[in-house]
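Before any comments, here is the structure.
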2 protein chains.
Amino acid sequence: MRRASDVRVMHVGLGPIGCAVARQIAARKGMKLVAGVDVDPAKTGQDLGTLAGIGRRLGVKVTADAVKTARAAKPDVIVLCTGSAVKTVLPQVEMLLKTRTPIVSTTEELAYPWYTHVRQARRIDTLAKKAKVAVLGTGVNPGYAMDALPIALTAVCEEVRSIRVDRVQDASRRRLPFQQKIGAGLTIEQFQAKVRDGSVRHVGLTESIAMIADAMGWRLERITDDIQPKVAGETVTSEFLAVDPGYVCGIIQDGVGYVGGKPLIRLHMEATIGQPESFDAVEIEGTPSLSMKIAGGIHGDVATASMVVNAIPHVLGAAPGLHTMRDLPLPSFYPGRR
Amino acid sequence: MRRASDVRVMHVGLGPIGCAVARQIAARKGMKLVAGVDVDPAKTGQDLGTLAGIGRRLGVKVTADAVKTARAAKPDVIVLCTGSAVKTVLPQVEMLLKTRTPIVSTTEELAYPWYTHVRQARRIDTLAKKAKVAVLGTGVNPGYAMDALPIALTAVCEEVRSIRVDRVQDASRRRLPFQQKIGAGLTIEQFQAKVRDGSVRHVGLTESIAMIADAMGWRLERITDDIQPKVAGETVTSEFLAVDPGYVCGIIQDGVGYVGGKPLIRLHMEATIGQPESFDAVEIEGTPSLSMKIAGGIHGDVATASMVVNAIPHVLGAAPGLHTMRDLPLPSFYPGRR
């Protein structure tokens with residue numbers, strides 16, 4: 001109960017992921033929720049504990065003005081969960097860095113922006129250095145399951161020739177918004193329209209491929225990111241949905257990184273209702289080759305929140321600038337200070 | 001071929017592991033073998049390339065005087081492979097740090113000396129800081145398979161209740177000295193005698209358990225490390241040995257870390273001739289639980305050498321002091337500088 005030394009955490013963005021992180025922060029030793037910010041007028045004014053589903057009031061009111069709130073609450077770190085795109089969060093990061101507070105974000109494109117958003121990454125890196133704080137984008141995917149973990153597995157290799165990662169999830173155990181995000185219940189035409197407008201899509205395969213390529217010293221020629229519907233052959237059901245034959249029951253997404261004309265990095269994702277087996281698998285072809293499988297897979301919702309919370313001590317200890325999971329210390333459950 | 005910026009590596013200790021590391025260094029881009037030291041008179045005077053089995057002469061003569069050689073060769077890093085015990089290598093580390101050169105060592109007890117060798121660890125840390133260089137003990141086990149890797153898997157957890165790691169190896173594919181080290185071919189009495197004199201034993205379970213416990217914030221009450229012979233039920237053979245029924249075909253070693261009276265960390269090793277399936281497995285009981293398996297396992301000889309070589313850039317970039325795999329950046333194959 002060394003309250004005086006608790007890490008003071010402020011939340012910006014209180015959607016499902018932000019609230020999941022907040023619930024973990026509230027339950028962890030050595031961490032304390034000191035502020036919550038969201039632009040949604042339905043959320044501002046609410047107690048952060050109530051809104052985040054912590055099960056008790058925290059006496060912390062959700063506000064709309066992040067900078068003002070940060071200046072009043074003096075957090076040690078800001079958890080930023082407002083969007084997937086670097087372009088969306090860049091102005092927020094710029095603004096928040098004015099308060100000289102370290103930032104951990106679940107923004108997928110920020111997990112490894114050094115391929116697709118080099119200019120913005122440089123800008124964040126410069127501003128973070130000026131503010132003398134560290135910034136990190138992380139999460140279970142991107143940030144771990146399809147990049148940091150396979151990279152860590154190559155540590156035993158004297159040569160790496162190719163890397164394949166499979167993340168196959170039974171979406172029926174996930175929350176309803178996730179099931180909708182993967183297109184479950186749509187017709188094929190509806191699914192394709194949503195792929196075109198970008199609303200059905202996992203963001204992060206490109207970032208994961210770029211992180212792996214840089215770690216392996218491979219010069220990427222191009223990255224492809226292809227989305228296909230998985231169509232139900234028979235009726236499949238979840239707690240929330242039933243999908244009839246011929247309708248979409250989920251998403252199949254393949255990211256490929258080409259080096260020297262060859263597909264050296266292949267990331268394959270499936271998230272479908274009715275998937276009989278969830279798993280995460282990594283196949284490294286090299287010396288030695290390596291074949292790893294996590295039976296049952298890594299559950300996405302809990303794991304993304306855990307990744308953020310567990311990364312906080314590393315971000316607090318890191319040199320100023322924009323970091324990625326590649327250059328921070330070994331990822332690990334953070335038990336709080338003893 | 002940017003020779004001018006190659007990392008200059010000096011070897012101290014040219015037994016099987018030292019030579020395996022040297023062979024990788026010789027084959028890697030961006031690294032260069034500049035000196036080799038061994039106290040064995042049969043080795044000094046030989047060409048390092050010939051001795052290490054690199055397949056060509058390097059024009060580098062193996063010497064017996066490490067400090068003198070380091071001062072002449074000006075290495076960027078020293079790879080120290082002279083023994084398993086901190087007590088053995090401590091005077092060597094002290095001596096080598098006088099040359100202000102970073103050190104990566106395969107000394108098993110140095111992989112995490114903060115439980116059994118706290119005084120010596122503090123001394124090395126102090127001397128390394130004085131010399132303004134980093135020191136690391138690493139290898140595949142301890143250093144990775146039964147500590148760093150399971151720790152990295154906990155990054156997705158919001159709670160960890162217990163950790164079990166299994167490393168099961170078919171020793172028939174390993175080199176003869178390894179098969180002898182695990183007691184293959186001995187009678188049960190001979191095996192027990194060798195366990196008592198310490199010559200049949202995997203060194204490192206205690207260090208791995210301590211590393212995991214510290215990462216999880218668990219206060220260890222005690223660690224047990226128990227060795228049993230595996231007795232052949234039928235004749236089993238390797239390229240080098242045949243073991244008849246009733247004789248020892250390998251070793252079973254169990255390390256247990258107790259926290260609050262409970263065996264929260266359990267490390268189980270088997271290395272036997274005739275083992276049908278090699279694998280490495282991690283079971284984390286927590287939120288979420290996690291069940292990982294590497295089919296075929298991680299081959300020990302190549303992997304230890306890879307771990308050392310791949311750690312070199314991290315050691316060169318680390319703050320002065322004694323490090324462990326816990327606090328260095330994400331382990332990864334090192335492709336050399338581009």
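Identifiers in this document derive from the order of the structure tokens: chains are assigned A, B, ..., residues are numbered from 1 separately in each chain, and ligands are numbered from 1 in order of occurrence.
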Would you mind listing, for every residue of chain A within 6 Å of chain B, the two atoms forming the shortest contact and the distance between them in Å to one decimal, using only C-alpha atoms, sorted by chain and ascending residue number, as CSV?
residue,atom,partner,partner_atom,distance
A:Ile151,CA,B:Ser332,CA,5.5
A:Ala152,CA,B:Ser332,CA,5.0
A:Thr154,CA,B:Phe333,CA,5.0
A:Ala155,CA,B:Ser332,CA,4.1
A:Val156,CA,B:Ala303,CA,4.5
A:Cys157,CA,B:Ser306,CA,5.5
A:Glu158,CA,B:Ser306,CA,5.2
A:Met216,CA,B:Pro335,CA,5.7
A:Gly217,CA,B:Pro335,CA,5.4
A:Ser291,CA,B:Ile294,CA,5.5
A:Met292,CA,B:Ile294,CA,4.3
A:Lys293,CA,B:Lys293,CA,5.5
A:Ile294,CA,B:Met292,CA,4.3
A:Ala295,CA,B:Ser291,CA,5.7
A:Ala303,CA,B:Val156,CA,4.5
A:Ser306,CA,B:Glu158,CA,5.2
A:Met307,CA,B:Val156,CA,5.4
A:Arg326,CA,B:Leu330,CA,5.6
A:Asp327,CA,B:Pro329,CA,5.0
A:Leu328,CA,B:Pro329,CA,4.9
A:Pro329,CA,B:Pro329,CA,4.0
A:Leu330,CA,B:Leu330,CA,4.8
A:Pro331,CA,B:Ala152,CA,5.0
A:Ser332,CA,B:Ala155,CA,4.1
A:Phe333,CA,B:Ala155,CA,4.6
A:Pro335,CA,B:Gly217,CA,5.4
> Which polymer residues have any atom within 9 Å of an atom of Arg173 of chain A, counting only C-alpha atoms, with same-chain residues fewer than 3 positions away left out, as a count of residues only?
Replying inline: 5
> What does the distance from atom CA of Leu316 of chain B to atom CA of Gln120 of chain A come to in Å, to one decimal?
Replying inline: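 A separation of 29.1 Å between them.
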> Restricting the calculation to only C-alpha atoms, which member of B:Val89, B:Val9, B:Val60, B:Ala171 is positioned closest to Thr101 of chain B?
Replying inline: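 Of the candidates, the smallest distance to Thr101 of chain B is held by B:Val9.
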> What does the distance between atom CA of Val135 of chain B and atom CA of Leu110 of chain B come to in Å, to one decimal place?
Replying inline: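 Those two atoms sit 9.5 Å apart.
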> Near Asp244 of chain B, counting only C-alpha atoms, which residues have an atom at most 9 Å away, once you skip same-chain residues fewer than 4 positions from it, shown as a PyMOL selection string?
Replying inline: chain B and resi 185+232-237+248-249
Just-selected residues, N, CA and C atoms written as a PDB file, in the first residue's frame:
ATOM      1  N   GLY B 185      24.732 -44.504 -20.210  1.00  0.00           N
ATOM      2  CA  GLY B 185      25.589 -45.678 -20.191  1.00  0.00           C
ATOM      3  C   GLY B 185      26.066 -46.078 -18.807  1.00  0.00           C
ATOM      4  N   ALA B 232      17.007 -47.126 -18.761  1.00  0.00           N
ATOM      5  CA  ALA B 232      16.513 -47.700 -20.016  1.00  0.00           C
ATOM      6  C   ALA B 232      15.677 -48.948 -19.750  1.00  0.00           C
ATOM      7  N   GLY B 233      14.500 -49.012 -20.362  1.00  0.00           N
ATOM      8  CA  GLY B 233      13.649 -50.193 -20.240  1.00  0.00           C
ATOM      9  C   GLY B 233      13.983 -51.207 -21.320  1.00  0.00           C
ATOM     10  N   GLU B 234      14.518 -50.703 -22.423  1.00  0.00           N
ATOM     11  CA  GLU B 234      14.991 -51.564 -23.496  1.00  0.00           C
ATOM     12  C   GLU B 234      16.286 -50.939 -24.029  1.00  0.00           C
ATOM     13  N   THR B 235      16.986 -51.616 -24.876  1.00  0.00           N
ATOM     14  CA  THR B 235      18.234 -51.072 -25.406  1.00  0.00           C
ATOM     15  C   THR B 235      17.940 -49.849 -26.275  1.00  0.00           C
ATOM     16  N   VAL B 236      18.629 -48.754 -25.966  1.00  0.00           N
ATOM     17  CA  VAL B 236      18.475 -47.529 -26.760  1.00  0.00           C
ATOM     18  C   VAL B 236      19.853 -47.147 -27.276  1.00  0.00           C
ATOM     19  N   THR B 237      19.876 -46.550 -28.466  1.00  0.00           N
ATOM     20  CA  THR B 237      21.178 -46.278 -29.085  1.00  0.00           C
ATOM     21  C   THR B 237      21.242 -44.867 -29.649  1.00  0.00           C
ATOM     22  N   VAL B 248      21.601 -46.414 -17.173  1.00  0.00           N
ATOM     23  CA  VAL B 248      21.067 -45.058 -17.271  1.00  0.00           C
ATOM     24  C   VAL B 248      21.114 -44.572 -18.715  1.00  0.00           C
ATOM     25  N   CYS B 249      19.996 -44.058 -19.200  1.00  0.00           N
ATOM     26  CA  CYS B 249      19.983 -43.512 -20.561  1.00  0.00           C
ATOM     27  C   CYS B 249      19.831 -41.999 -20.558  1.00  0.00           C
TER      28      CYS B 249
END
